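Source file: final-v8.pdb; contents: PDB, C-alpha atoms.
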MODEL        1
ATOM      1  CA  MET D   1       4.055  12.535   2.198
ATOM      2  CA  GLN D   2       7.069  12.649  -0.113
ATOM      3  CA  SER D   3      10.153  10.414  -0.154
ATOM      4  CA  GLY D   4      12.701  12.987  -1.306
ATOM      5  CA  ILE D   5      13.347  10.917  -4.456
ATOM      6  CA  THR D   6      13.530  13.029  -7.639
ATOM      7  CA  VAL D   7      13.298  12.499 -11.398
ATOM      8  CA  SER D   8      16.739  12.129 -12.971
ATOM      9  CA  ALA D   9      17.845  14.047 -16.044
ATOM     10  CA  GLU D  10      18.146  10.671 -17.771
ATOM     11  CA  LEU D  11      14.459   9.993 -17.113
ATOM     12  CA  GLN D  12      13.411  13.439 -18.310
ATOM     13  CA  ASN D  13      15.187  12.776 -21.614
ATOM     14  CA  ALA D  14      13.795   9.250 -21.900
ATOM     15  CA  PHE D  15      10.261  10.486 -21.222
ATOM     16  CA  SER D  16      10.572  13.214 -23.848
ATOM     17  CA  HIS D  17      11.633  10.630 -26.415
ATOM     18  CA  PHE D  18       8.920   8.202 -25.293
ATOM     19  CA  SER D  19       6.216  10.868 -25.602
ATOM     20  CA  ASN D  20       7.210  11.635 -29.183
ATOM     21  CA  ASP D  21       7.976   8.122 -30.412
ATOM     22  CA  SER D  22       4.772   6.493 -31.645
ATOM     23  CA  SER D  23       6.445   3.072 -31.755
ATOM     24  CA  SER D  24       7.112   3.094 -27.992
ATOM     25  CA  PHE D  25       4.617   1.092 -25.948
ATOM     26  CA  CYS D  26       6.005   1.232 -22.406
ATOM     27  CA  LEU D  27       8.658   3.133 -20.468
ATOM     28  CA  PRO D  28       9.498   1.210 -17.264
ATOM     29  CA  ILE D  29      10.850   3.269 -14.359
ATOM     30  CA  THR D  30      12.577   2.195 -11.161
ATOM     31  CA  ILE D  31      14.398   3.854  -8.267
ATOM     32  CA  THR D  32      18.175   3.673  -8.062
ATOM     33  CA  SER D  33      20.548   5.742  -5.917
ATOM     34  CA  GLU D  34      17.662   7.845  -4.592
ATOM     35  CA  SER D  35      16.603   8.852  -8.108
ATOM     36  CA  LEU D  36      13.851   7.868 -10.542
ATOM     37  CA  THR D  37      15.567   6.287 -13.541
ATOM     38  CA  PRO D  38      14.313   4.732 -16.797
ATOM     39  CA  LEU D  39      14.742   1.142 -17.928
ATOM     40  CA  THR D  40      14.821  -0.062 -21.531
ATOM     41  CA  PRO D  41      11.599   0.980 -23.344
ATOM     42  CA  LEU D  42       9.315  -1.653 -24.848
ATOM     43  CA  LEU D  43       7.961  -1.270 -28.373
ATOM     44  CA  PHE D  44       4.569  -2.246 -29.751
ATOM     45  CA  THR D  45       4.557  -5.851 -30.946
ATOM     46  CA  GLU D  46       2.530  -4.952 -34.033
ATOM     47  CA  SER D  47       1.135  -1.901 -35.794
ATOM     48  CA  ASN D  48       0.592   0.808 -33.194
ATOM     49  CA  SER D  49      -2.148   2.595 -35.107
ATOM     50  CA  SER D  50      -5.131   0.715 -33.693
ATOM     51  CA  PRO D  51      -6.502   0.301 -30.150
ATOM     52  CA  GLU D  52      -6.016  -3.476 -30.442
ATOM     53  CA  SER D  53      -2.241  -3.034 -30.554
ATOM     54  CA  PHE D  54      -2.315  -2.046 -26.880
ATOM     55  CA  PHE D  55      -3.821  -5.388 -25.859
ATOM     56  CA  SER D  56      -1.573  -7.450 -28.097
ATOM     57  CA  SER D  57       1.474  -5.757 -26.557
ATOM     58  CA  LEU D  58       0.472  -6.386 -22.924
ATOM     59  CA  PRO D  59       2.119  -9.846 -22.589
ATOM     60  CA  GLN D  60       5.605  -8.433 -23.041
ATOM     61  CA  LEU D  61       5.190  -6.459 -19.802
ATOM     62  CA  SER D  62       5.828  -9.733 -17.966
ATOM     63  CA  SER D  63       9.501  -9.255 -18.869
ATOM     64  CA  VAL D  64       9.749  -6.236 -16.540
ATOM     65  CA  LEU D  65       7.454  -7.439 -13.750
ATOM     66  CA  GLN D  66       9.484  -9.170 -11.063
ATOM     67  CA  PRO D  67       8.139 -10.978  -7.953
ATOM     68  CA  LYS D  68       7.791  -8.720  -4.907
ATOM     69  CA  THR D  69       9.348  -5.812  -6.824
ATOM     70  CA  PRO D  70       7.498  -2.489  -7.306
ATOM     71  CA  ILE D  71       7.898  -0.595 -10.567
ATOM     72  CA  PHE D  72       6.377   2.340 -12.442
ATOM     73  CA  LEU D  73       5.135   1.786 -16.001
ATOM     74  CA  LEU D  74       4.300   4.587 -18.421
ATOM     75  CA  LEU D  75       2.087   3.184 -21.182
ATOM     76  CA  ARG D  76       1.027   4.513 -24.570
ATOM     77  CA  ARG D  77      -2.516   3.520 -25.510
ATOM     78  CA  PRO D  78      -3.631   4.214 -29.087
ATOM     79  CA  THR D  79      -7.135   5.553 -29.595
ATOM     80  CA  ASN D  80      -9.110   5.939 -32.794
ATOM     81  CA  ALA D  81      -7.990   9.537 -33.082
ATOM     82  CA  SER D  82      -4.539   9.632 -31.484
ATOM     83  CA  PHE D  83      -3.124   8.101 -28.293
ATOM     84  CA  SER D  84      -3.194   8.612 -24.534
ATOM     85  CA  LEU D  85      -0.566   8.099 -21.849
ATOM     86  CA  ILE D  86      -1.254   6.014 -18.758
ATOM     87  CA  ALA D  87       0.823   6.148 -15.573
ATOM     88  CA  LEU D  88       0.745   2.796 -13.807
ATOM     89  CA  THR D  89       2.150   2.077 -10.353
ATOM     90  CA  TYR D  90       2.750  -1.597  -9.578
ATOM     91  CA  ILE D  91       3.327  -2.397  -5.897
ATOM     92  CA  PRO D  92       2.883  -6.143  -5.277
ATOM     93  CA  SER D  93       0.885  -6.899  -2.154
ATOM     94  CA  ASP D  94       3.670  -9.226  -0.974
ATOM     95  CA  ALA D  95       6.518  -6.765  -1.585
ATOM     96  CA  PRO D  96       8.790  -5.986   1.400
ATOM     97  CA  VAL D  97       7.821  -3.046   3.581
ATOM     98  CA  ARG D  98      10.605  -0.682   2.586
ATOM     99  CA  PRO D  99      10.058  -0.819  -1.220
ATOM    100  CA  LYS D 100       6.297  -0.468  -0.665
ATOM    101  CA  MET D 101       6.823   2.759   1.272
ATOM    102  CA  LEU D 102       9.452   4.063  -1.129
ATOM    103  CA  PHE D 103       7.397   3.641  -4.303
ATOM    104  CA  ALA D 104       4.098   4.704  -2.736
ATOM    105  CA  SER D 105       5.589   7.919  -1.376
ATOM    106  CA  THR D 106       7.377   8.676  -4.668
ATOM    107  CA  ARG D 107       4.374   8.166  -6.943
ATOM    108  CA  SER D 108       3.076  11.735  -6.830
ATOM    109  CA  THR D 109       6.593  13.138  -7.355
ATOM    110  CA  LEU D 110       6.991  11.133 -10.565
ATOM    111  CA  PHE D 111       3.707  12.355 -12.041
ATOM    112  CA  ARG D 112       4.216  15.944 -10.931
ATOM    113  CA  GLU D 113       7.765  16.304 -12.268
ATOM    114  CA  LEU D 114       6.947  14.668 -15.601
ATOM    115  CA  GLY D 115       3.729  16.684 -15.898
ATOM    116  CA  ALA D 116       0.512  15.237 -14.505
ATOM    117  CA  GLU D 117      -1.481  16.915 -17.272
ATOM    118  CA  LYS D 118       0.231  14.680 -19.842
ATOM    119  CA  PHE D 119      -1.429  11.526 -18.486
ATOM    120  CA  ALA D 120      -5.004  10.632 -19.373
ATOM    121  CA  SER D 121      -5.276   8.305 -16.395
ATOM    122  CA  THR D 122      -3.370   6.708 -13.534
ATOM    123  CA  VAL D 123      -3.607   3.086 -12.462
ATOM    124  CA  PHE D 124      -2.550   1.369  -9.233
ATOM    125  CA  ALA D 125      -2.034  -2.404  -9.397
ATOM    126  CA  THR D 126      -1.026  -4.969  -6.784
ATOM    127  CA  GLU D 127      -1.278  -8.111  -8.925
ATOM    128  CA  GLU D 128       0.280  -8.961 -12.289
ATOM    129  CA  ALA D 129      -3.111 -10.036 -13.628
ATOM    130  CA  GLY D 130      -4.331  -6.460 -13.252
ATOM    131  CA  ILE D 131      -1.637  -5.401 -15.715
ATOM    132  CA  LEU D 132      -1.304  -8.260 -18.166
ATOM    133  CA  GLU D 133      -4.910  -9.369 -18.694
ATOM    134  CA  ARG D 134      -7.119  -7.726 -21.293
ATOM    135  CA  ASP D 135     -10.235  -8.116 -19.187
ATOM    136  CA  ALA D 136      -8.682  -6.070 -16.388
ATOM    137  CA  TRP D 137      -8.200  -3.135 -18.755
ATOM    138  CA  ARG D 138     -11.591  -3.549 -20.383
ATOM    139  CA  GLU D 139     -13.153  -3.660 -16.961
ATOM    140  CA  ARG D 140     -11.434  -0.421 -15.990
ATOM    141  CA  ASP D 141     -12.822   1.574 -18.856
ATOM    142  CA  GLY D 142     -16.158  -0.199 -19.166
ATOM    143  CA  GLU D 143     -15.633  -1.635 -22.633
ATOM    144  CA  ILE D 144     -17.550  -4.835 -21.921
ATOM    145  CA  ASN D 145     -21.087  -3.877 -22.974
ATOM    146  CA  GLN D 146     -20.396  -0.474 -21.402
ATOM    147  CA  ILE D 147     -21.311  -1.836 -17.963
ATOM    148  CA  ARG D 148     -20.027  -0.194 -14.829
ATOM    149  CA  ARG D 149     -17.222  -1.991 -12.990
ATOM    150  CA  GLU D 150     -19.489  -2.844 -10.063
ATOM    151  CA  ASP D 151     -21.875  -4.647 -12.387
ATOM    152  CA  LEU D 152     -19.052  -6.858 -13.640
ATOM    153  CA  MET D 153     -18.301  -8.126 -10.149
ATOM    154  CA  GLY D 154     -19.591 -11.271  -8.579
ATOM    155  CA  GLU D 155     -20.816 -11.219  -4.984
ATOM    156  CA  LYS D 156     -17.388 -12.109  -3.572
ATOM    157  CA  GLU D 157     -15.678  -9.431  -5.670
ATOM    158  CA  ARG D 158     -18.120  -6.805  -4.388
ATOM    159  CA  GLU D 159     -17.341  -7.825  -0.824
ATOM    160  CA  LEU D 160     -13.609  -7.546  -1.496
ATOM    161  CA  GLU D 161     -14.148  -4.098  -2.972
ATOM    162  CA  LYS D 162     -15.945  -3.091   0.224
ATOM    163  CA  VAL D 163     -12.979  -4.383   2.220
ATOM    164  CA  ARG D 164     -10.589  -2.245   0.181
ATOM    165  CA  MET D 165     -12.813   0.788   0.670
ATOM    166  CA  ALA D 166     -13.083   0.154   4.412
ATOM    167  CA  GLU D 167      -9.323  -0.224   4.728
ATOM    168  CA  ALA D 168      -8.703   2.977   2.785
ATOM    169  CA  GLU D 169     -11.260   4.953   4.744
ATOM    170  CA  ALA D 170     -10.005   3.568   8.061
ATOM    171  CA  ARG D 171      -6.636   5.145   7.325
ATOM    172  CA  SER D 172      -8.140   8.608   6.906
ATOM    173  CA  GLY D 173      -7.243  11.181   9.487
ATOM    174  CA  PRO D 174      -3.905  12.704  10.533
ATOM    175  CA  SER D 175      -1.072  11.852   8.176
ATOM    176  CA  GLN D 176       0.841   8.806   9.334
ATOM    177  CA  ARG D 177       3.482   6.384   8.141
ATOM    178  CA  ASP D 178       1.416   3.341   7.352
ATOM    179  CA  ILE D 179       1.910   0.586   4.826
ATOM    180  CA  GLY D 180      -1.080   0.298   2.532
ATOM    181  CA  ILE D 181      -2.930  -2.984   2.532
ATOM    182  CA  GLY D 182      -4.288  -4.091  -0.846
ATOM    183  CA  GLY D 183      -2.523  -1.520  -2.972
ATOM    184  CA  THR D 184      -3.583   1.728  -1.125
ATOM    185  CA  TYR D 185      -1.301   4.094   0.781
ATOM    186  CA  GLY D 186      -1.110   7.555   2.322
ATOM    187  CA  PRO D 187      -2.953  10.176   4.366
ATOM    188  CA  GLY D 188      -6.693  10.580   4.144
ATOM    189  CA  SER D 189      -9.068  13.478   4.312
ATOM    190  CA  GLY D 190      -9.747  13.341   8.021
ATOM    191  CA  SER D 191     -13.257  11.969   7.633
ATOM    192  CA  GLY D 192     -12.447   8.269   7.578
ATOM    193  CA  MET D 193     -14.889   5.571   8.609
ATOM    194  CA  LYS D 194     -14.727   4.306  12.173
ATOM    195  CA  ILE D 195     -17.027   1.746  13.768
ATOM    196  CA  SER D 196     -17.465   2.063  17.526
ATOM    197  CA  MET D 197     -17.624  -1.467  18.903
ATOM    198  CA  PRO D 198     -18.045  -2.555  22.501
ATOM    199  CA  VAL D 199     -14.770  -3.442  24.210
ATOM    200  CA  ASP D 200     -14.418  -6.139  26.844
ATOM    201  CA  GLU D 201     -12.900  -5.183  30.179
ATOM    202  CA  ALA D 202     -10.002  -7.632  29.895
ATOM    203  CA  ALA D 203      -8.768  -5.757  26.837
ATOM    204  CA  LYS D 204      -8.941  -2.400  28.634
ATOM    205  CA  THR D 205      -7.160  -3.769  31.689
ATOM    206  CA  ALA D 206      -4.350  -5.306  29.638
ATOM    207  CA  LEU D 207      -3.760  -1.993  27.846
ATOM    208  CA  LYS D 208      -3.789  -0.047  31.098
ATOM    209  CA  GLU D 209      -1.238  -2.404  32.679
ATOM    210  CA  LEU D 210       1.099  -2.613  29.653
ATOM    211  CA  GLN D 211       4.723  -2.405  30.814
ATOM    212  CA  GLU D 212       8.083  -2.225  29.012
ATOM    213  CA  GLY D 213       8.567  -5.340  26.917
ATOM    214  CA  GLY D 214       4.855  -6.116  27.111
ATOM    215  CA  LEU D 215       2.803  -7.153  24.090
ATOM    216  CA  VAL D 216      -0.989  -6.841  24.149
ATOM    217  CA  GLN D 217      -3.032  -8.095  21.204
ATOM    218  CA  LEU D 218      -6.647  -7.232  20.534
ATOM    219  CA  THR D 219      -8.974  -8.662  17.946
ATOM    220  CA  VAL D 220     -12.588  -8.397  16.853
ATOM    221  CA  ASP D 221     -14.791 -11.274  17.920
ATOM    222  CA  ILE D 222     -16.808 -11.778  14.751
ATOM    223  CA  PRO D 223     -20.039 -13.308  16.181
ATOM    224  CA  THR D 224     -20.457 -10.587  18.832
ATOM    225  CA  GLU D 225     -18.642  -7.788  16.959
ATOM    226  CA  THR D 226     -16.762  -6.913  20.121
ATOM    227  CA  ILE D 227     -13.123  -5.896  20.524
ATOM    228  CA  THR D 228     -11.586  -8.503  22.806
ATOM    229  CA  LEU D 229      -8.214  -9.459  24.275
ATOM    230  CA  ALA D 230      -6.475 -12.022  22.052
ATOM    231  CA  ASP D 231      -3.249 -12.350  24.030
ATOM    232  CA  SER D 232      -1.054 -10.576  26.564
ATOM    233  CA  LYS D 233       2.619 -11.294  27.209
ATOM    234  CA  SER D 234       5.449  -9.701  29.171
ATOM    235  CA  GLY D 235       9.204  -9.692  28.621
ATOM    236  CA  VAL D 236       8.988  -9.915  24.825
ATOM    237  CA  ASP D 237      12.156  -9.057  22.921
ATOM    238  CA  ALA D 238      11.645  -6.742  19.938
ATOM    239  CA  GLY D 239      13.012  -9.380  17.595
ATOM    240  CA  ASP D 240      10.426 -11.908  18.811
ATOM    241  CA  VAL D 241       7.294  -9.763  18.444
ATOM    242  CA  ALA D 242       6.411 -11.166  15.009
ATOM    243  CA  SER D 243       6.466 -14.738  16.281
ATOM    244  CA  HIS D 244       3.654 -13.957  18.727
ATOM    245  CA  ILE D 245       1.303 -12.347  16.173
ATOM    246  CA  SER D 246      -1.200 -14.445  14.235
ATOM    247  CA  SER D 247      -0.318 -15.015  10.573
ATOM    248  CA  THR D 248      -3.885 -16.019   9.672
ATOM    249  CA  SER D 249      -6.144 -13.484  11.436
ATOM    250  CA  PRO D 250      -6.027  -9.681  11.810
ATOM    251  CA  ARG D 251      -4.620  -8.267  15.041
ATOM    252  CA  TYR D 252      -4.251  -4.930  16.774
ATOM    253  CA  SER D 253      -0.961  -5.322  18.668
ATOM    254  CA  PHE D 254       0.460  -2.867  21.206
ATOM    255  CA  TYR D 255       4.142  -3.306  22.085
ATOM    256  CA  HIS D 256       5.861  -1.215  24.777
ATOM    257  CA  TYR D 257       9.355  -0.864  23.382
ATOM    258  CA  PRO D 258      11.973  -1.662  26.067
ATOM    259  CA  GLY D 259      13.966   1.265  27.411
ATOM    260  CA  SER D 260      11.518   3.886  26.163
ATOM    261  CA  ASP D 261       8.101   5.365  26.844
ATOM    262  CA  ALA D 262       7.000   4.546  23.292
ATOM    263  CA  VAL D 263       4.255   2.069  22.477
ATOM    264  CA  VAL D 264       4.146   0.731  18.917
ATOM    265  CA  PHE D 265       0.704  -0.007  17.498
ATOM    266  CA  VAL D 266       0.937  -2.754  14.887
ATOM    267  CA  TYR D 267      -2.043  -3.494  12.665
ATOM    268  CA  THR D 268      -1.659  -6.757  10.756
ATOM    269  CA  CYS D 269      -4.229  -7.993   8.276
ATOM    270  CA  PRO D 270      -3.141 -11.226   6.534
ATOM    271  CA  THR D 271      -4.432 -11.603   2.991
ATOM    272  CA  GLY D 272      -5.650 -15.104   3.840
ATOM    273  CA  SER D 273      -8.081 -13.908   6.514
ATOM    274  CA  SER D 274     -11.799 -13.945   5.783
ATOM    275  CA  ILE D 275     -13.565 -11.047   4.087
ATOM    276  CA  LYS D 276     -15.655 -10.242   7.140
ATOM    277  CA  GLU D 277     -12.600 -10.317   9.405
ATOM    278  CA  ARG D 278     -10.772  -7.895   7.150
ATOM    279  CA  MET D 279     -13.721  -5.536   6.835
ATOM    280  CA  LEU D 280     -14.491  -5.375  10.561
ATOM    281  CA  HIS D 281     -10.854  -4.958  11.582
ATOM    282  CA  ALA D 282     -10.182  -2.301   8.950
ATOM    283  CA  SER D 283     -13.281  -0.342   9.969
ATOM    284  CA  SER D 284     -12.448  -0.557  13.704
ATOM    285  CA  ARG D 285      -8.745   0.192  13.464
ATOM    286  CA  ARG D 286      -8.989   3.821  14.570
ATOM    287  CA  ASN D 287     -11.364   2.778  17.311
ATOM    288  CA  ALA D 288      -8.711   0.395  18.701
ATOM    289  CA  ILE D 289      -6.198   3.244  18.791
ATOM    290  CA  ALA D 290      -8.701   5.488  20.594
ATOM    291  CA  ILE D 291      -9.293   2.783  23.208
ATOM    292  CA  ALA D 292      -5.569   2.492  23.887
ATOM    293  CA  GLU D 293      -5.243   6.251  24.253
ATOM    294  CA  GLN D 294      -8.155   6.286  26.683
ATOM    295  CA  GLU D 295      -6.278   3.727  28.793
ATOM    296  CA  GLY D 296      -3.223   6.002  28.980
ATOM    297  CA  LEU D 297      -1.118   4.884  26.006
ATOM    298  CA  GLN D 298      -0.370   8.284  24.486
ATOM    299  CA  ASN D 299       3.015   8.002  22.753
ATOM    300  CA  LEU D 300       1.826   5.653  19.999
ATOM    301  CA  LYS D 301       3.919   4.843  16.938
ATOM    302  CA  LYS D 302       1.983   3.196  14.112
ATOM    303  CA  ILE D 303       2.892   0.375  11.740
ATOM    304  CA  GLU D 304       0.637  -1.471   9.313
ATOM    305  CA  ALA D 305       1.511  -4.707   7.531
ATOM    306  CA  SER D 306      -0.087  -7.616   5.752
ATOM    307  CA  SER D 307       2.151 -10.183   7.434
ATOM    308  CA  PRO D 308       3.745 -10.410  10.897
ATOM    309  CA  ASP D 309       7.031 -11.316   9.167
ATOM    310  CA  GLU D 310       7.359  -7.655   8.192
ATOM    311  CA  ILE D 311       7.497  -6.621  11.865
ATOM    312  CA  THR D 312      11.187  -7.138  12.559
ATOM    313  CA  GLY D 313      13.168  -5.922  15.531
ATOM    314  CA  GLU D 314      14.939  -3.463  13.235
ATOM    315  CA  ARG D 315      11.627  -2.115  11.950
ATOM    316  CA  LEU D 316      10.374  -1.551  15.515
ATOM    317  CA  GLN D 317      13.618   0.148  16.516
ATOM    318  CA  GLU D 318      13.483   2.448  13.491
ATOM    319  CA  GLU D 319       9.957   3.474  14.417
ATOM    320  CA  VAL D 320      10.916   4.300  18.001
ATOM    321  CA  GLU D 321      14.407   5.624  17.260
ATOM    322  CA  PRO D 322      14.438   6.952  13.659
ATOM    323  CA  PRO D 323      17.946   6.854  12.113
ATOM    324  CA  GLN D 324      19.684  10.206  11.953
ATOM    325  CA  ASN D 325      20.886  11.805   8.736
ATOM    326  CA  GLN D 326      24.470  10.711   8.263
ATOM    327  CA  GLY D 327      25.135  12.386   4.933
ATOM    328  CA  ALA D 328      25.165  11.171   1.366
ATOM    329  CA  GLY D 329      26.168   7.615   2.247
ATOM    330  CA  ARG D 330      23.202   6.868   4.448
ATOM    331  CA  GLY D 331      20.882   5.599   1.644
ATOM    332  CA  PHE D 332      17.145   6.129   1.639
ATOM    333  CA  ALA D 333      15.656   7.512   4.851
ATOM    334  CA  ARG D 334      12.113   6.596   5.734
ATOM    335  CA  PRO D 335       9.778   9.575   5.136
ATOM    336  CA  ARG D 336       8.617  11.351   8.278
ATOM    337  CA  ARG D 337       5.372  13.165   8.748
ATOM    338  CA  PRO D 338       5.495  16.932   9.406
ATOM    339  CA  GLY D 339       6.295  17.835  12.994
ATOM    340  CA  ARG D 340       7.748  14.446  13.806
TER     341      ARG D 340
ENDMDL
END

For the file at hand, write its structure as structure tokens.
Amino acid sequence: MQSGITVSAELQNAFSHFSNDSSSFCLPITITSESLTPLTPLLFTESNSSPESFFSSLPQLSSVLQPKTPIFLLLRRPTNASFSLIALTYIPSDAPVRPKMLFASTRSTLFRELGAEKFASTVFATEEAGILERDAWRERDGEINQIRREDLMGEKERELEKVRMAEAEARSGPSQRDIGIGGTYGPGSGSGMKISMPVDEAAKTALKELQEGGLVQLTVDIPTETITLADSKSGVDAGDVASHISSTSPRYSFYHYPGSDAVVFVYTCPTGSSIKERMLHASSRRNAIAIAEQEGLQNLKKIEASSPDEITGERLQEEVEPPQNQGAGRGFARPRRPGR
């Protein structure tokens, strides 16, 4: 999926200069007026001839990292022989939905138009610590006693890694417009993981009887590993949907948008929920959709978010009734999957 955003001539020139200027440490890039544009480059804080200069220059990146604001960073990393270029995408986990989608769907365009072959590696980060801390970089390339990344993790970190893998694999399948949880985004290979759990009858009945303005929420009962009915309401206004969804536990929510035959499937997975909750819900997400389709809910629109606050009435309306192209003044249009 592509956003339609392109690399500006200004960025092409800035990148050419950055590539050839050995004193340049970082070229920050943002999106303005539907174009990828450069910000002021950062220089190495000391001699750029040794690998250590990369680490000593990391702290100055904090000057371009803003709360809840995605950004692209092109980094020069000296090696013993020469240097390598790193393309880093920073999309904070708590960034608003629209910037998340915009930067995630523009990432491949940036690398392709600048020349993917010019970059030794790409990095995706959702936390500032993953950019600014030396250990994060050393962990990536195995410089600590040349141990694999998995061996550096504690038990909790390994479980979190499994959650991220489960969430990524659960998104695999037909391309769809989902918001990545935990720094991942985009269509999968079609072979994603899906756990088939038993479903209680109350959940099936609520889905079958869903009417306009109705909101049905399912969840996974952790002790029994069963998909159950969490809540069912009628007459819910689109602007009030978020207020009915849990902000502490994952939910599969199905909302029949008033005045249409569309049902919006909303998968929310708060970052504060437990590891097991996140893993089970991520792995069963496609199963929940299949259950709804079996109960007759065929015209499903899909949204994914880390917080119910992201599910606004405007967001629901845009999913059901995508805005039409109104010319150059319309601003950024949400990417649509082929055939939509």

Contacts of segment 204-217 of chain D at 12 Å (all atoms listed in the file; same-chain gap of 4+ positions) as a ChimeraX atom specification: /D:198-200,227-246,249-268,288-298

Please list as a list in words every residue within 9 Å of Leu85 of chain D, counting all atoms listed in the file and excluding residues in the same chain fewer than 3 positions away. Ser19, Leu74, Leu75, Arg76, Arg77, Pro78, Lys118, Phe119, Ala120, Ser121 and Thr122 of chain D

Residues selected by the PyMOL selection byres ((chain D and resi 34) around 7), written as a VMD selection string: chain D and resid 5 31 to 33 35 332

For the point (3.6, 2.5, -6.3) in file coordinates, what residues are within 10 Å, counting all atoms listed in the file? Give the answer as a list in words?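 Checked against the point, the hits come out as Pro70, Ile71, Phe72, Leu73, Leu88, Thr89, Tyr90, Ile91, Pro92, Pro99, Lys100, Met101, Leu102, Phe103, Ala104, Ser105, Thr106, Arg107, Ser108, Val123, Phe124, Ala125, Thr126, Gly183, Thr184 and Tyr185 of chain D.
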
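The interatomic distance for the pair atom CA of Ile131 of chain D and atom CA of Pro41 of chain D works out to 16.6 Å.
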
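Straight-line separation from atom CA of Ser57 of chain D to atom CA of Pro96 of chain D: 28.9 Å.
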